[in-house]
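**Q** For reference, the file run_25.pdb (PDB, C-alpha atoms, pLDDT in the B column) is included below:
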ATOM      1  CA  MET J  26      -2.106 -13.496  24.018  1.00 86.00           C
ATOM      2  CA  SER J  27      -1.519 -10.598  21.669  1.00 90.00           C
ATOM      3  CA  VAL J  28       1.219  -8.007  22.025  1.00 89.00           C
ATOM      4  CA  THR J  29      -1.324  -5.380  23.049  1.00 90.00           C
ATOM      5  CA  GLN J  30      -2.801  -7.601  25.743  1.00 93.00           C
ATOM      6  CA  GLN J  31       0.674  -8.367  27.103  1.00 94.00           C
ATOM      7  CA  PHE J  32       1.502  -4.653  27.160  1.00 93.00           C
ATOM      8  CA  LEU J  33      -1.699  -3.870  29.066  1.00 94.00           C
ATOM      9  CA  LEU J  34      -1.015  -6.661  31.565  1.00 95.00           C
ATOM     10  CA  ASP J  35       2.576  -5.459  32.085  1.00 95.00           C
ATOM     11  CA  SER J  36       1.336  -1.871  32.499  1.00 95.00           C
ATOM     12  CA  TYR J  37      -1.186  -2.980  35.106  1.00 96.00           C
ATOM     13  CA  ARG J  38       1.443  -4.935  37.034  1.00 96.00           C
ATOM     14  CA  ALA J  39       3.864  -2.005  36.906  1.00 96.00           C
ATOM     15  CA  ALA J  40       1.163   0.349  38.226  1.00 96.00           C
ATOM     16  CA  GLN J  41       0.383  -2.067  41.080  1.00 95.00           C
ATOM     17  CA  HIS J  42       4.052  -2.155  42.120  1.00 95.00           C
ATOM     18  CA  GLY J  43       4.713   1.565  41.622  1.00 95.00           C
ATOM     19  CA  GLN J  44       7.162   0.976  38.773  1.00 94.00           C
ATOM     20  CA  PRO J  45       7.344   2.881  35.471  1.00 94.00           C
ATOM     21  CA  THR J  46       5.288   1.443  32.629  1.00 91.00           C
ATOM     22  CA  PRO J  47       7.112  -0.475  29.887  1.00 90.00           C
ATOM     23  CA  PRO J  48       7.484   1.122  26.443  1.00 87.00           C
ATOM     24  CA  ALA J  49       4.564   0.681  24.072  1.00 88.00           C
ATOM     25  CA  PRO J  50       4.988  -2.041  21.433  1.00 87.00           C
ATOM     26  CA  GLY J  51       6.492  -0.720  18.217  1.00 86.00           C
ATOM     27  CA  ARG J  52       7.672   2.539  19.747  1.00 84.00           C
ATOM     28  CA  ASP J  53      11.369   1.857  19.185  1.00 82.00           C
ATOM     29  CA  ASP J  54      11.157  -0.115  15.931  1.00 87.00           C
ATOM     30  CA  TRP J  55      12.730   2.559  13.707  1.00 88.00           C
ATOM     31  CA  GLN J  56      15.486   3.140  16.241  1.00 89.00           C
ATOM     32  CA  ALA J  57      16.318  -0.571  16.097  1.00 89.00           C
ATOM     33  CA  VAL J  58      16.429  -0.434  12.281  1.00 89.00           C
ATOM     34  CA  ARG J  59      18.820   2.546  12.420  1.00 90.00           C
ATOM     35  CA  GLU J  60      21.057   0.747  14.908  1.00 92.00           C
ATOM     36  CA  VAL J  61      21.258  -2.334  12.670  1.00 90.00           C
ATOM     37  CA  ARG J  62      22.106  -0.144   9.673  1.00 87.00           C
ATOM     38  CA  ASP J  63      24.798   1.690  11.630  1.00 89.00           C
ATOM     39  CA  TYR J  64      26.268  -1.592  12.863  1.00 91.00           C
ATOM     40  CA  GLU J  65      26.468  -2.931   9.298  1.00 86.00           C
ATOM     41  CA  ARG J  66      28.216   0.262   8.207  1.00 84.00           C
ATOM     42  CA  PHE J  67      30.662  -0.119  11.093  1.00 88.00           C
ATOM     43  CA  ARG J  68      31.399  -3.716  10.083  1.00 89.00           C
ATOM     44  CA  ALA J  69      32.018  -2.571   6.502  1.00 84.00           C
ATOM     45  CA  VAL J  70      34.552   0.005   7.683  1.00 83.00           C
ATOM     46  CA  VAL J  71      36.346  -2.526   9.887  1.00 88.00           C
ATOM     47  CA  ALA J  72      36.482  -4.979   6.966  1.00 86.00           C
ATOM     48  CA  GLU J  73      37.844  -2.152   4.750  1.00 82.00           C
ATOM     49  CA  ARG J  74      34.940  -2.298   2.334  1.00 76.00           C
ATOM     50  CA  PRO J  75      33.262   0.799   0.873  1.00 68.00           C
ATOM     51  CA  VAL J  76      30.534   1.974   3.205  1.00 64.00           C
ATOM     52  CA  HIS J  77      28.414   4.016   0.822  1.00 67.00           C
ATOM     53  CA  GLY J  78      27.314   3.360  -2.696  1.00 69.00           C
ATOM     54  CA  ARG J  79      27.465  -0.427  -2.890  1.00 68.00           C
ATOM     55  CA  PHE J  80      23.804  -0.716  -3.868  1.00 74.00           C
ATOM     56  CA  ARG J  81      23.997   2.171  -6.325  1.00 74.00           C
ATOM     57  CA  ALA J  82      27.131   0.695  -7.905  1.00 76.00           C
ATOM     58  CA  ALA J  83      25.397  -2.674  -8.313  1.00 77.00           C
ATOM     59  CA  LEU J  84      22.448  -0.957 -10.006  1.00 77.00           C
ATOM     60  CA  ALA J  85      24.817   0.919 -12.319  1.00 80.00           C
ATOM     61  CA  ARG J  86      26.528  -2.345 -13.313  1.00 81.00           C
ATOM     62  CA  PHE J  87      23.120  -3.927 -13.906  1.00 82.00           C
ATOM     63  CA  PHE J  88      21.927  -1.154 -16.193  1.00 84.00           C
ATOM     64  CA  ARG J  89      25.256  -1.004 -18.053  1.00 84.00           C
ATOM     65  CA  GLY J  90      24.847  -4.683 -18.865  1.00 77.00           C
ATOM     66  CA  GLY J  91      27.747  -5.843 -16.718  1.00 61.00           C
ATOM     67  CA  ARG J  92      27.882  -8.851 -14.450  1.00 60.00           C
ATOM     68  CA  LEU J  93      26.437  -8.934 -10.964  1.00 54.00           C
ATOM     69  CA  SER J  94      28.457 -10.183  -8.000  1.00 53.00           C
ATOM     70  CA  GLY J  95      26.693 -13.560  -7.952  1.00 53.00           C
ATOM     71  CA  GLY J  96      28.112 -14.507 -11.338  1.00 52.00           C
ATOM     72  CA  SER J  97      24.769 -14.176 -13.102  1.00 52.00           C
ATOM     73  CA  VAL J  98      24.566 -12.252 -16.327  1.00 51.00           C
ATOM     74  CA  ALA J  99      22.443  -9.110 -16.134  1.00 53.00           C
ATOM     75  CA  ARG J 100      19.723  -8.656 -18.705  1.00 58.00           C
ATOM     76  CA  THR J 101      19.767  -5.559 -20.864  1.00 60.00           C
ATOM     77  CA  PRO J 102      16.907  -3.308 -19.766  1.00 61.00           C
ATOM     78  CA  ARG J 103      14.137  -2.663 -22.231  1.00 65.00           C
ATOM     79  CA  PRO J 104      13.915   0.866 -23.651  1.00 66.00           C
ATOM     80  CA  LEU J 105      11.172   3.025 -22.191  1.00 66.00           C
ATOM     81  CA  PRO J 106       8.209   3.761 -24.487  1.00 60.00           C
TER      82      PRO J 106
END
So that I can check it, write out the structure of this file as structure tokens.

**A**
Amino acid sequence: MSVTQQFLLDSYRAAQHGQPTPPAPGRDDWQAVREVRDYERFRAVVAERPVHGRFRAALARFFRGGRLSGGSVARTPRPLP
């Protein structure tokens, strides 16, 4: 049974019992993504790590030719034509 079919079946059952219909599939996906991001930021603050700029700092190290956190050596980027 697909997600859409399950949603339609649940909506039908809710209508038969006079209950509110369930939320449509995928309606709250972006909200869930934001909540996960916020939770990870909260964990970073509790662990006393920098909250913002970790990805940008890693990119800057990569393009400067420094080392990445995994111990691998970054390749020097090729010049643009």

**Q** Taking the file above as input, evaluate the PyMOL selection byres ((chain J and resi 29) around 12) and report the hits as a PDB file with C-alpha atoms, in the coordinates of the input.

**A**
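What follows is the written file part.pdb:
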ATOM      1  CA  MET J  26      -2.106 -13.496  24.018  1.00 86.00           C
ATOM      2  CA  SER J  27      -1.519 -10.598  21.669  1.00 90.00           C
ATOM      3  CA  VAL J  28       1.219  -8.007  22.025  1.00 89.00           C
ATOM      4  CA  GLN J  30      -2.801  -7.601  25.743  1.00 93.00           C
ATOM      5  CA  GLN J  31       0.674  -8.367  27.103  1.00 94.00           C
ATOM      6  CA  PHE J  32       1.502  -4.653  27.160  1.00 93.00           C
ATOM      7  CA  LEU J  33      -1.699  -3.870  29.066  1.00 94.00           C
ATOM      8  CA  LEU J  34      -1.015  -6.661  31.565  1.00 95.00           C
ATOM      9  CA  ASP J  35       2.576  -5.459  32.085  1.00 95.00           C
ATOM     10  CA  SER J  36       1.336  -1.871  32.499  1.00 95.00           C
ATOM     11  CA  PRO J  47       7.112  -0.475  29.887  1.00 90.00           C
ATOM     12  CA  PRO J  48       7.484   1.122  26.443  1.00 87.00           C
ATOM     13  CA  ALA J  49       4.564   0.681  24.072  1.00 88.00           C
ATOM     14  CA  PRO J  50       4.988  -2.041  21.433  1.00 87.00           C
ATOM     15  CA  GLY J  51       6.492  -0.720  18.217  1.00 86.00           C
TER      16      GLY J  51
END

**Q** Expressed in Å to a single decimal, how great is the separation between CA of Ala82 in chain J and CA of Trp55 in chain J?

**A**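 Straight-line distance from CA of Ala82 in chain J to CA of Trp55 in chain J works out to 26.0 Å.
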
**Q** Enter the distance from CA of Val71 in chain J to CA of Ala57 in chain J, in Å, rounded to one decimal.

**A**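 Atom-to-atom, CA of Val71 in chain J and CA of Ala57 in chain J are spaced 21.1 Å apart.
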
**Q** Could you please determine the separation between CA of Arg52 in chain J and CA of Ala69 in chain J in Å, to one decimal place?

**A**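 Those two atoms sit 28.2 Å apart.
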
**Q** For range 46-65 of chain J, take all atoms listed in the file, fit an axis-aligned box around them, add 5 Å to each of the six sides, then output centre and edge lengths in Å rounded to one decimal, as lines of an AutoDock Vina configuration file.

**A**
center_x = 15.5
center_y = 0.1
center_z = 21.0
size_x = 31.9
size_y = 16.1
size_z = 33.3
